[in-house]
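> Mind having a look at this structure? Questions to follow.
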2 protein chains.
Amino acid sequence: MIKTHGYAAQSATSAPAPFDYEHREPGPKDVHISIDFCGICHSDIHQARNEWGNAIYPMVPGHEIVGTVKQTGAQVTKFKVGDRAAIGCMVDSCRVCASCKAGEEQYCENNALVLTYNSRDKEGNITFGGYGENIVADEDFVLKVPSNLDPAAVAPLLCAGITTYSPLKHWKAGPGKKIGVIGLGGLGHMALKFSHAFGATTVQFTTSPSKVEDAKKLGADEVSLTKEPNWHAPHVGSFDFILDCVSAEHDVTPYLALLKRDGTLCTVGIPSTPIAIHAFSVAAGRKNFTGSAIGGIKETQEMLDFCGKHNIVSDIEMTSFDKLEEAWDRVVKADVKYRFVLDLKTLKSK
Amino acid sequence: MIKTHGYAAQSATSAPAPFDYEHREPGPKDVHISIDFCGICHSDIHQARNEWGNAIYPMVPGHEIVGTVKQTGAQVTKFKVGDRAAIGCMVDSCRVCASCKAGEEQYCENNALVLTYNSRDKEGNITFGGYGENIVADEDFVLKVPSNLDPAAVAPLLCAGITTYSPLKHWKAGPGKKIGVIGLGGLGHMALKFSHAFGATTVQFTTSPSKVEDAKKLGADEVSLTKEPNWHAPHVGSFDFILDCVSAEHDVTPYLALLKRDGTLCTVGIPSTPIAIHAFSVAAGRKNFTGSAIGGIKETQEMLDFCGKHNIVSDIEMTSFDKLEEAWDRVVKADVKYRFVLDLKTLKSK
């Protein structure tokens with residue numbers, strides 16, 4: 001077994017604290033990764049605090065993982081010791097359903113998706129994520145990291161990156177398309193970078209005048225301040241696709257009105273309260289309201305390769321395990337530009 | 001001017017009563033139709049009672065119109081006197097926006113859609129619908145009626161027919177596809193007929209055990225009784241497309257779970273209260289929630305021609321103007337199989 005030191009939440013009300021645990025001994029197809037960096041995702045906090053009602057404790061959060069291959073099983077072909085490697089939100093799936101076969105493992109139809117943490121593997125063992133020294137996973141769920149990118153800034157690509165890249169690709173963001181991004185945080189700033197890199201005309205919607213300049217730097221052709229009167233008037237009926245990156249409760253009706261006929265509004269912010277849709281808002285113009293969850297492994301690799309080619313990473317603020325609680329509090333307040341990344345050295349030295 | 005006798009609502013609280021009014025003298029492209037039959041649509045009642053808040057009085061309802069051409073303008077090419085002709089929900093649009101040019105006039109982007117009644121034409125005159133002897137409209141918005149079909153039973157095709165035909169075609173109902181229909185009323189019974197005729201495996205969802213046999217006769221391969229325990233279990237993740245024909249408030253969450261990855265739930269029932277969508281319900285499987293409104297003129301003609309070829313009409317109950325209030329009350333109670341049609345002879349003889 002791979003003895004590992006990390007940080008775990010032991011209950012919904014206790015802050016993550018040092019914890020020793022084990023990963024399985026690598027099997028023939030497994031890769032043992034020594035973790036270098038792990039992004040902090042808002043879902044780490046939701047799950048550790050059991051805000052989604054599905055918590056398994058002890059919980060070692062973290063699904064934006066970049067590290068170095070330390071050991072490989074006999075049948076591993078994609079990696080060798082010393083390679084940079086990454087793991088995102090999932091580490092296994094049924095592999096035989098239509099979605100898995102289509103490379104959309106995140107939509108596994110046999111309820112066999114194994115998440116990187118707060119989940120159980122096929123043997124029933126709790127999975128432990130990136131807030132620890134090591135991780136062991138089947139190479140089919142391990143990603144290659146372009147060597148030209150800063151590995152710390154790559155970490156958030158594994159969740160915030162693919163979560164925005166996948167729907168933008170699926171709904172064909174590109175030249176000639178007008179794309180909206182609602183909310184400028186961890187997800188939104190990646191959506192801006194991708195939509196811009198795909199060549200789409202990109203409009204950022206934000207409530208914060210202070211974010212206008214940042215949005216433009218990140219790739220927005222235009223910024224719409226949604227607290228201004230008549231903010232939506234110039235955009236009615238003009239968008240092909242709008243990616244809604246806001247997790248707080250908000251009214252989507254005005255955004256549906258901004259879509260062209262047959263346009264799509266997609267939530268990746270995934271608010272926890274139901275979203276109210278007026279039937280007329282979708283029937284008038286045959287508009288679609290949808291959502292999207294991360295992306296498949298093949299598409300995640302495609303996204304990382306795209307990032308390597310276009311020099312795209314996340315804008316990050318490095319943090320350490322001794323400041324984890326403060327970082328979490330700031331994530332909840334959306335006080336970070338735009339993603340915290342834990343440096344695992346700050347754990348190993350403790 | 002074309003003097004016309006019909007029935008009009010004079011306020012939200014007064015029942016439709018005899019009313020004399022005028023249609024414009026036919027212009028060069030106009031067709032003057034002597035109305036033979038008019039279907040009763042639930043939206044006639046909603047609008048006459050101002051339940052949608054957009055009523056213009058006096059209101060002569062009716063947008064499921066079949067009649068006989070009485071007079072044609074000098075430039076009319078599609079019709080000659082004595083031809084059977086039909087009019088649906090709209091009689092004009094801007095004709096220059098992207099939607100109009102695409103033959104999707106119902107989604108006219110210049111707010112220039114002229115509805116058959118409870119609307120104003122380009123001159124600002126109130127439009128009067130099918131609850132009267134005559135109608136005058138530009139031939140571009142007049143449909144040809146296949147000669148082999150019962151003209152009374154054709155009338156509801158102009159709204160209930162195209163409203164279900166259009167989304168089933170748009171989302172590609174056909175062989176190899178599994179299609180659901182929620183609700184068996186005026187819309188639902190047409191959806192069943194079309195989905196079956198398109199060759200799709202078709203499942204009717206209904207709360208009423210009494211409707212099972214009817215649904216099967218109308219084209220359902222299977223009927224799911226949604227008040228039974230675990231009714232949804234056999235169908236989870238199996239539908240390509242579900243057409244929701246229910247206008248009463250209801251929970252769509254269970255139906256979203258019945259869709260395949262990338263499947264679509266489309267409302268044509270258009271409930272008046274907002275529909276609550278849980279973000280996870282759409283994000284898990286990238287499912288779409290949408291709506292659809294009638295269909296364009298070109299598609300309406302295609303639908304009528306399809307009905308002629310496949311011998312499809314609406315199941316109707318004939319009624320008369322002296323029983324109009326009773327018919328409306330029964331529509332509100334969903335007590336009709338499946339559409340009332342007014343015989344205009346019962347007006348002319350008064």
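By convention in this document, the chains of the structure tokens carry letters A, B, ... by their order, each chain's residues are numbered from 1, and ligands are numbered from 1 in the order they are shown.
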I need the chain A residues near chain B as JSON, numbers by chain; criterion: at most 9 Å, counting only C-alpha atoms.

{"A": [99, 106, 107, 108, 109, 237, 260, 261, 264, 266, 267, 268, 269, 270, 271, 272, 273, 274, 275, 276, 277, 278, 279, 280, 281, 282, 283, 284, 285, 286, 287, 288, 289, 290, 291, 292, 293]}

> What lies within 7 Å of Gly73 (chain A) using only C-alpha atoms, ignoring chain neighbours under 4 positions off, as a list in words?

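Counting only C-alpha atoms, the residues come to Pro26, Gly27, Pro28, Lys29, Asp30 and Val31 of chain A.
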
> Quick check for you: according to DSSP on this backbone, which residues of region 182-271 of chain A are classed as helix (DSSP H, G or I)? Reply as JSON, numbers by chain.

{"A": [186, 187, 188, 189, 190, 191, 192, 193, 194, 195, 196, 197, 209, 210, 211, 212, 213, 214, 215, 216, 217, 218, 233, 234, 235, 253, 254, 255, 256, 257, 258]}

> Write to file, as a PDB file, in the first residue's frame, the residues of the selection just made, with N, CA and C atoms.


ATOM      1  N   GLY A 186     -13.637  31.343 -11.252  1.00  0.00           N
ATOM      2  CA  GLY A 186     -12.779  30.247 -11.702  1.00  0.00           C
ATOM      3  C   GLY A 186     -13.230  29.673 -13.035  1.00  0.00           C
ATOM      4  N   LEU A 187     -14.523  29.389 -13.163  1.00  0.00           N
ATOM      5  CA  LEU A 187     -15.039  28.854 -14.423  1.00  0.00           C
ATOM      6  C   LEU A 187     -15.071  29.941 -15.494  1.00  0.00           C
ATOM      7  N   GLY A 188     -15.643  31.081 -15.147  1.00  0.00           N
ATOM      8  CA  GLY A 188     -15.845  32.135 -16.134  1.00  0.00           C
ATOM      9  C   GLY A 188     -14.551  32.595 -16.789  1.00  0.00           C
ATOM     10  N   HIS A 189     -13.484  32.702 -16.014  1.00  0.00           N
ATOM     11  CA  HIS A 189     -12.245  33.221 -16.618  1.00  0.00           C
ATOM     12  C   HIS A 189     -11.665  32.222 -17.603  1.00  0.00           C
ATOM     13  N   MET A 190     -11.886  30.914 -17.351  1.00  0.00           N
ATOM     14  CA  MET A 190     -11.446  29.909 -18.330  1.00  0.00           C
ATOM     15  C   MET A 190     -12.344  29.941 -19.571  1.00  0.00           C
ATOM     16  N   ALA A 191     -13.653  30.133 -19.359  1.00  0.00           N
ATOM     17  CA  ALA A 191     -14.580  30.209 -20.493  1.00  0.00           C
ATOM     18  C   ALA A 191     -14.187  31.353 -21.425  1.00  0.00           C
ATOM     19  N   LEU A 192     -13.833  32.490 -20.843  1.00  0.00           N
ATOM     20  CA  LEU A 192     -13.397  33.636 -21.654  1.00  0.00           C
ATOM     21  C   LEU A 192     -12.171  33.283 -22.487  1.00  0.00           C
ATOM     22  N   LYS A 193     -11.198  32.661 -21.823  1.00  0.00           N
ATOM     23  CA  LYS A 193      -9.958  32.315 -22.542  1.00  0.00           C
ATOM     24  C   LYS A 193     -10.246  31.355 -23.698  1.00  0.00           C
ATOM     25  N   PHE A 194     -11.070  30.358 -23.436  1.00  0.00           N
ATOM     26  CA  PHE A 194     -11.347  29.370 -24.491  1.00  0.00           C
ATOM     27  C   PHE A 194     -12.183  29.975 -25.619  1.00  0.00           C
ATOM     28  N   SER A 195     -13.250  30.679 -25.261  1.00  0.00           N
ATOM     29  CA  SER A 195     -14.121  31.229 -26.293  1.00  0.00           C
ATOM     30  C   SER A 195     -13.327  32.158 -27.204  1.00  0.00           C
ATOM     31  N   HIS A 196     -12.467  32.974 -26.583  1.00  0.00           N
ATOM     32  CA  HIS A 196     -11.606  33.871 -27.362  1.00  0.00           C
ATOM     33  C   HIS A 196     -10.645  33.070 -28.244  1.00  0.00           C
ATOM     34  N   ALA A 197     -10.036  32.043 -27.666  1.00  0.00           N
ATOM     35  CA  ALA A 197      -9.074  31.232 -28.444  1.00  0.00           C
ATOM     36  C   ALA A 197      -9.765  30.496 -29.590  1.00  0.00           C
ATOM     37  N   PRO A 209     -18.412  46.246 -11.905  1.00  0.00           N
ATOM     38  CA  PRO A 209     -17.627  47.162 -12.749  1.00  0.00           C
ATOM     39  C   PRO A 209     -16.133  46.942 -12.590  1.00  0.00           C
ATOM     40  N   SER A 210     -15.706  46.469 -11.413  1.00  0.00           N
ATOM     41  CA  SER A 210     -14.273  46.279 -11.182  1.00  0.00           C
ATOM     42  C   SER A 210     -13.693  45.153 -12.030  1.00  0.00           C
ATOM     43  N   LYS A 211     -14.555  44.348 -12.630  1.00  0.00           N
ATOM     44  CA  LYS A 211     -14.042  43.215 -13.412  1.00  0.00           C
ATOM     45  C   LYS A 211     -13.930  43.504 -14.912  1.00  0.00           C
ATOM     46  N   VAL A 212     -14.344  44.703 -15.320  1.00  0.00           N
ATOM     47  CA  VAL A 212     -14.385  45.006 -16.755  1.00  0.00           C
ATOM     48  C   VAL A 212     -13.010  44.863 -17.408  1.00  0.00           C
ATOM     49  N   GLU A 213     -12.015  45.488 -16.800  1.00  0.00           N
ATOM     50  CA  GLU A 213     -10.691  45.472 -17.418  1.00  0.00           C
ATOM     51  C   GLU A 213     -10.113  44.063 -17.463  1.00  0.00           C
ATOM     52  N   ASP A 214     -10.276  43.345 -16.356  1.00  0.00           N
ATOM     53  CA  ASP A 214      -9.818  41.961 -16.307  1.00  0.00           C
ATOM     54  C   ASP A 214     -10.465  41.126 -17.402  1.00  0.00           C
ATOM     55  N   ALA A 215     -11.769  41.269 -17.555  1.00  0.00           N
ATOM     56  CA  ALA A 215     -12.489  40.473 -18.555  1.00  0.00           C
ATOM     57  C   ALA A 215     -11.926  40.743 -19.945  1.00  0.00           C
ATOM     58  N   LYS A 216     -11.641  41.992 -20.214  1.00  0.00           N
ATOM     59  CA  LYS A 216     -11.099  42.328 -21.537  1.00  0.00           C
ATOM     60  C   LYS A 216      -9.726  41.703 -21.730  1.00  0.00           C
ATOM     61  N   LYS A 217      -8.909  41.766 -20.675  1.00  0.00           N
ATOM     62  CA  LYS A 217      -7.577  41.144 -20.765  1.00  0.00           C
ATOM     63  C   LYS A 217      -7.682  39.641 -20.991  1.00  0.00           C
ATOM     64  N   LEU A 218      -8.708  39.044 -20.380  1.00  0.00           N
ATOM     65  CA  LEU A 218      -8.860  37.582 -20.462  1.00  0.00           C
ATOM     66  C   LEU A 218      -9.467  37.126 -21.785  1.00  0.00           C
ATOM     67  N   ALA A 233     -30.717  45.250 -23.468  1.00  0.00           N
ATOM     68  CA  ALA A 233     -31.362  45.727 -24.703  1.00  0.00           C
ATOM     69  C   ALA A 233     -30.492  45.570 -25.959  1.00  0.00           C
ATOM     70  N   PRO A 234     -29.203  45.946 -25.921  1.00  0.00           N
ATOM     71  CA  PRO A 234     -28.431  45.855 -27.173  1.00  0.00           C
ATOM     72  C   PRO A 234     -28.168  44.425 -27.633  1.00  0.00           C
ATOM     73  N   HIS A 235     -28.445  43.456 -26.767  1.00  0.00           N
ATOM     74  CA  HIS A 235     -28.046  42.081 -27.084  1.00  0.00           C
ATOM     75  C   HIS A 235     -29.217  41.140 -27.350  1.00  0.00           C
ATOM     76  N   THR A 253     -34.069  34.235 -17.011  1.00  0.00           N
ATOM     77  CA  THR A 253     -35.022  34.715 -18.034  1.00  0.00           C
ATOM     78  C   THR A 253     -34.426  35.790 -18.950  1.00  0.00           C
ATOM     79  N   PRO A 254     -33.746  36.820 -18.402  1.00  0.00           N
ATOM     80  CA  PRO A 254     -33.201  37.835 -19.312  1.00  0.00           C
ATOM     81  C   PRO A 254     -32.179  37.254 -20.289  1.00  0.00           C
ATOM     82  N   TYR A 255     -31.441  36.255 -19.860  1.00  0.00           N
ATOM     83  CA  TYR A 255     -30.430  35.667 -20.746  1.00  0.00           C
ATOM     84  C   TYR A 255     -31.065  34.837 -21.855  1.00  0.00           C
ATOM     85  N   LEU A 256     -32.165  34.154 -21.558  1.00  0.00           N
ATOM     86  CA  LEU A 256     -32.871  33.415 -22.608  1.00  0.00           C
ATOM     87  C   LEU A 256     -33.317  34.378 -23.715  1.00  0.00           C
ATOM     88  N   ALA A 257     -33.693  35.600 -23.306  1.00  0.00           N
ATOM     89  CA  ALA A 257     -34.132  36.594 -24.296  1.00  0.00           C
ATOM     90  C   ALA A 257     -32.964  37.068 -25.170  1.00  0.00           C
ATOM     91  N   LEU A 258     -31.750  36.883 -24.706  1.00  0.00           N
ATOM     92  CA  LEU A 258     -30.581  37.325 -25.484  1.00  0.00           C
ATOM     93  C   LEU A 258     -30.191  36.317 -26.557  1.00  0.00           C
TER      94      LEU A 258
END

> Could you check the closest approach to Tyr338 (chain B) for each of B:Gly183, B:Ala220, B:Asp36, B:Phe198 and tell me which residue wins, using only C-alpha atoms?

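Of the candidates, the smallest distance to Tyr338 (chain B) is held by B:Gly183.
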
> Skipping near chain neighbours, those fewer than 6 positions away, what residues fall within 8 Å of Thr206 (chain A) using only C-alpha atoms, listed as a list in words?

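Once the nearby chain positions are removed, what remains is Ile182, Gly183, Leu184, Val223, Ser224, Leu225 and Thr226 of chain A.
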
> Would you mind exporting C-alpha atoms of the selected residues as a PDB file, in the first residue's frame?


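The result, stored in part.pdb:
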ATOM      1  CA  ILE A 182     -22.096  34.825 -17.209  1.00  0.00           C
ATOM      2  CA  GLY A 183     -19.945  35.323 -14.123  1.00  0.00           C
ATOM      3  CA  LEU A 184     -16.201  35.940 -13.947  1.00  0.00           C
ATOM      4  CA  VAL A 223     -18.363  43.435 -21.126  1.00  0.00           C
ATOM      5  CA  SER A 224     -22.007  43.866 -20.181  1.00  0.00           C
ATOM      6  CA  LEU A 225     -22.655  45.199 -16.669  1.00  0.00           C
ATOM      7  CA  THR A 226     -25.850  43.499 -15.636  1.00  0.00           C
TER       8      THR A 226
END

> Using only C-alpha atoms, tabulate the residues of region 278-318 of chain B lying at most 9 Å from any atom of region 146-154 of chain B, each with its closest atom pair and that distance in Å to one decimal, by chain and increasing residue number, as CSV.


residue,atom,partner,partner_atom,distance
B:Leu304,CA,B:Pro146,CA,6.9
B:Asp305,CA,B:Pro146,CA,6.4
B:Cys307,CA,B:Pro146,CA,8.0
B:Gly308,CA,B:Pro146,CA,5.3
B:Lys309,CA,B:Pro146,CA,8.4
B:Asn311,CA,B:Leu149,CA,6.8
B:Ile312,CA,B:Leu149,CA,7.9
B:Val313,CA,B:Ala153,CA,5.5
B:Ser314,CA,B:Ala153,CA,5.2
B:Asp315,CA,B:Ala153,CA,6.7
B:Ile316,CA,B:Ala153,CA,6.1
B:Glu317,CA,B:Ala153,CA,8.9
B:Met318,CA,B:Ala152,CA,8.1

> Given the selection you just returned, output its residues as a file containing N, CA, C and O atoms, formatted as a PDB file, in the first residue's frame.


ATOM      1  N   LEU B 304     -49.592  19.455 -43.710  1.00  0.00           N
ATOM      2  CA  LEU B 304     -50.894  19.143 -44.318  1.00  0.00           C
ATOM      3  C   LEU B 304     -50.724  18.125 -45.448  1.00  0.00           C
ATOM      4  O   LEU B 304     -51.526  17.187 -45.581  1.00  0.00           O
ATOM      5  N   ASP B 305     -49.686  18.288 -46.243  1.00  0.00           N
ATOM      6  CA  ASP B 305     -49.448  17.333 -47.336  1.00  0.00           C
ATOM      7  C   ASP B 305     -49.137  15.945 -46.772  1.00  0.00           C
ATOM      8  O   ASP B 305     -49.598  14.932 -47.298  1.00  0.00           O
ATOM      9  N   CYS B 307     -50.219  14.803 -43.949  1.00  0.00           N
ATOM     10  CA  CYS B 307     -51.500  14.280 -43.452  1.00  0.00           C
ATOM     11  C   CYS B 307     -52.334  13.733 -44.607  1.00  0.00           C
ATOM     12  O   CYS B 307     -52.982  12.682 -44.469  1.00  0.00           O
ATOM     13  N   GLY B 308     -52.305  14.440 -45.736  1.00  0.00           N
ATOM     14  CA  GLY B 308     -53.047  13.942 -46.898  1.00  0.00           C
ATOM     15  C   GLY B 308     -52.518  12.588 -47.340  1.00  0.00           C
ATOM     16  O   GLY B 308     -53.272  11.638 -47.580  1.00  0.00           O
ATOM     17  N   LYS B 309     -51.205  12.479 -47.370  1.00  0.00           N
ATOM     18  CA  LYS B 309     -50.570  11.240 -47.818  1.00  0.00           C
ATOM     19  C   LYS B 309     -50.827  10.086 -46.850  1.00  0.00           C
ATOM     20  O   LYS B 309     -51.010   8.938 -47.264  1.00  0.00           O
ATOM     21  N   ASN B 311     -53.268  10.053 -44.520  1.00  0.00           N
ATOM     22  CA  ASN B 311     -54.652  10.025 -44.040  1.00  0.00           C
ATOM     23  C   ASN B 311     -54.769  10.351 -42.544  1.00  0.00           C
ATOM     24  O   ASN B 311     -55.440   9.644 -41.793  1.00  0.00           O
ATOM     25  N   ILE B 312     -54.088  11.388 -42.151  1.00  0.00           N
ATOM     26  CA  ILE B 312     -54.119  11.803 -40.741  1.00  0.00           C
ATOM     27  C   ILE B 312     -54.983  13.051 -40.593  1.00  0.00           C
ATOM     28  O   ILE B 312     -54.806  14.034 -41.321  1.00  0.00           O
ATOM     29  N   VAL B 313     -55.920  12.987 -39.663  1.00  0.00           N
ATOM     30  CA  VAL B 313     -56.672  14.183 -39.269  1.00  0.00           C
ATOM     31  C   VAL B 313     -56.783  14.163 -37.748  1.00  0.00           C
ATOM     32  O   VAL B 313     -56.326  13.216 -37.097  1.00  0.00           O
ATOM     33  N   SER B 314     -57.405  15.161 -37.213  1.00  0.00           N
ATOM     34  CA  SER B 314     -57.665  15.211 -35.774  1.00  0.00           C
ATOM     35  C   SER B 314     -58.926  14.411 -35.457  1.00  0.00           C
ATOM     36  O   SER B 314     -59.835  14.328 -36.283  1.00  0.00           O
ATOM     37  N   ASP B 315     -58.961  13.816 -34.280  1.00  0.00           N
ATOM     38  CA  ASP B 315     -60.218  13.243 -33.786  1.00  0.00           C
ATOM     39  C   ASP B 315     -61.045  14.398 -33.230  1.00  0.00           C
ATOM     40  O   ASP B 315     -60.565  15.125 -32.354  1.00  0.00           O
ATOM     41  N   ILE B 316     -62.233  14.550 -33.740  1.00  0.00           N
ATOM     42  CA  ILE B 316     -62.996  15.753 -33.377  1.00  0.00           C
ATOM     43  C   ILE B 316     -64.407  15.438 -32.893  1.00  0.00           C
ATOM     44  O   ILE B 316     -64.936  14.356 -33.133  1.00  0.00           O
ATOM     45  N   GLU B 317     -64.947  16.427 -32.196  1.00  0.00           N
ATOM     46  CA  GLU B 317     -66.372  16.421 -31.864  1.00  0.00           C
ATOM     47  C   GLU B 317     -66.940  17.710 -32.439  1.00  0.00           C
ATOM     48  O   GLU B 317     -66.471  18.802 -32.115  1.00  0.00           O
ATOM     49  N   MET B 318     -67.925  17.589 -33.312  1.00  0.00           N
ATOM     50  CA  MET B 318     -68.510  18.785 -33.914  1.00  0.00           C
ATOM     51  C   MET B 318     -69.365  19.502 -32.871  1.00  0.00           C
ATOM     52  O   MET B 318     -70.003  18.873 -32.030  1.00  0.00           O
TER      53      MET B 318
END

> Where does DSSP see strand (DSSP E) in region 116-341 of chain A, if you list the residues as an MDAnalysis selection string?

chainID A and resid 134:138 143:144 178:182 201:206 222:225 239:244 259:267 275:277 288:291 316:319 339:341

> Any idea what the distance is between CA of Asp221 (chain A) and CA of Phe239 (chain A)?

13.5 Å

> Could you tell me how far CA of Pro156 (chain A) sits from CA of Gly295 (chain A), in Å to one decimal place?

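Distance between the two atoms: 13.8 Å.
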
> Rounded to one decimal in Å, what is the spacing between CA of Glu105 (chain B) and CA of Gly88 (chain B)?

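Calculated distance between CA of Glu105 (chain B) and CA of Gly88 (chain B) is 12.2 Å.
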
> Which is closest to Ile2 (chain A) among A:Ala112, A:Ala86, A:Val136, A:Thr72, if we use only C-alpha atoms?

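Smallest distance to Ile2 (chain A) is found for A:Val136.
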
> Between A:Gly53, A:Pro61, A:Gly219, A:Gly185, which is the closest to Gly132 (chain A) once you count only C-alpha atoms?

A:Pro61
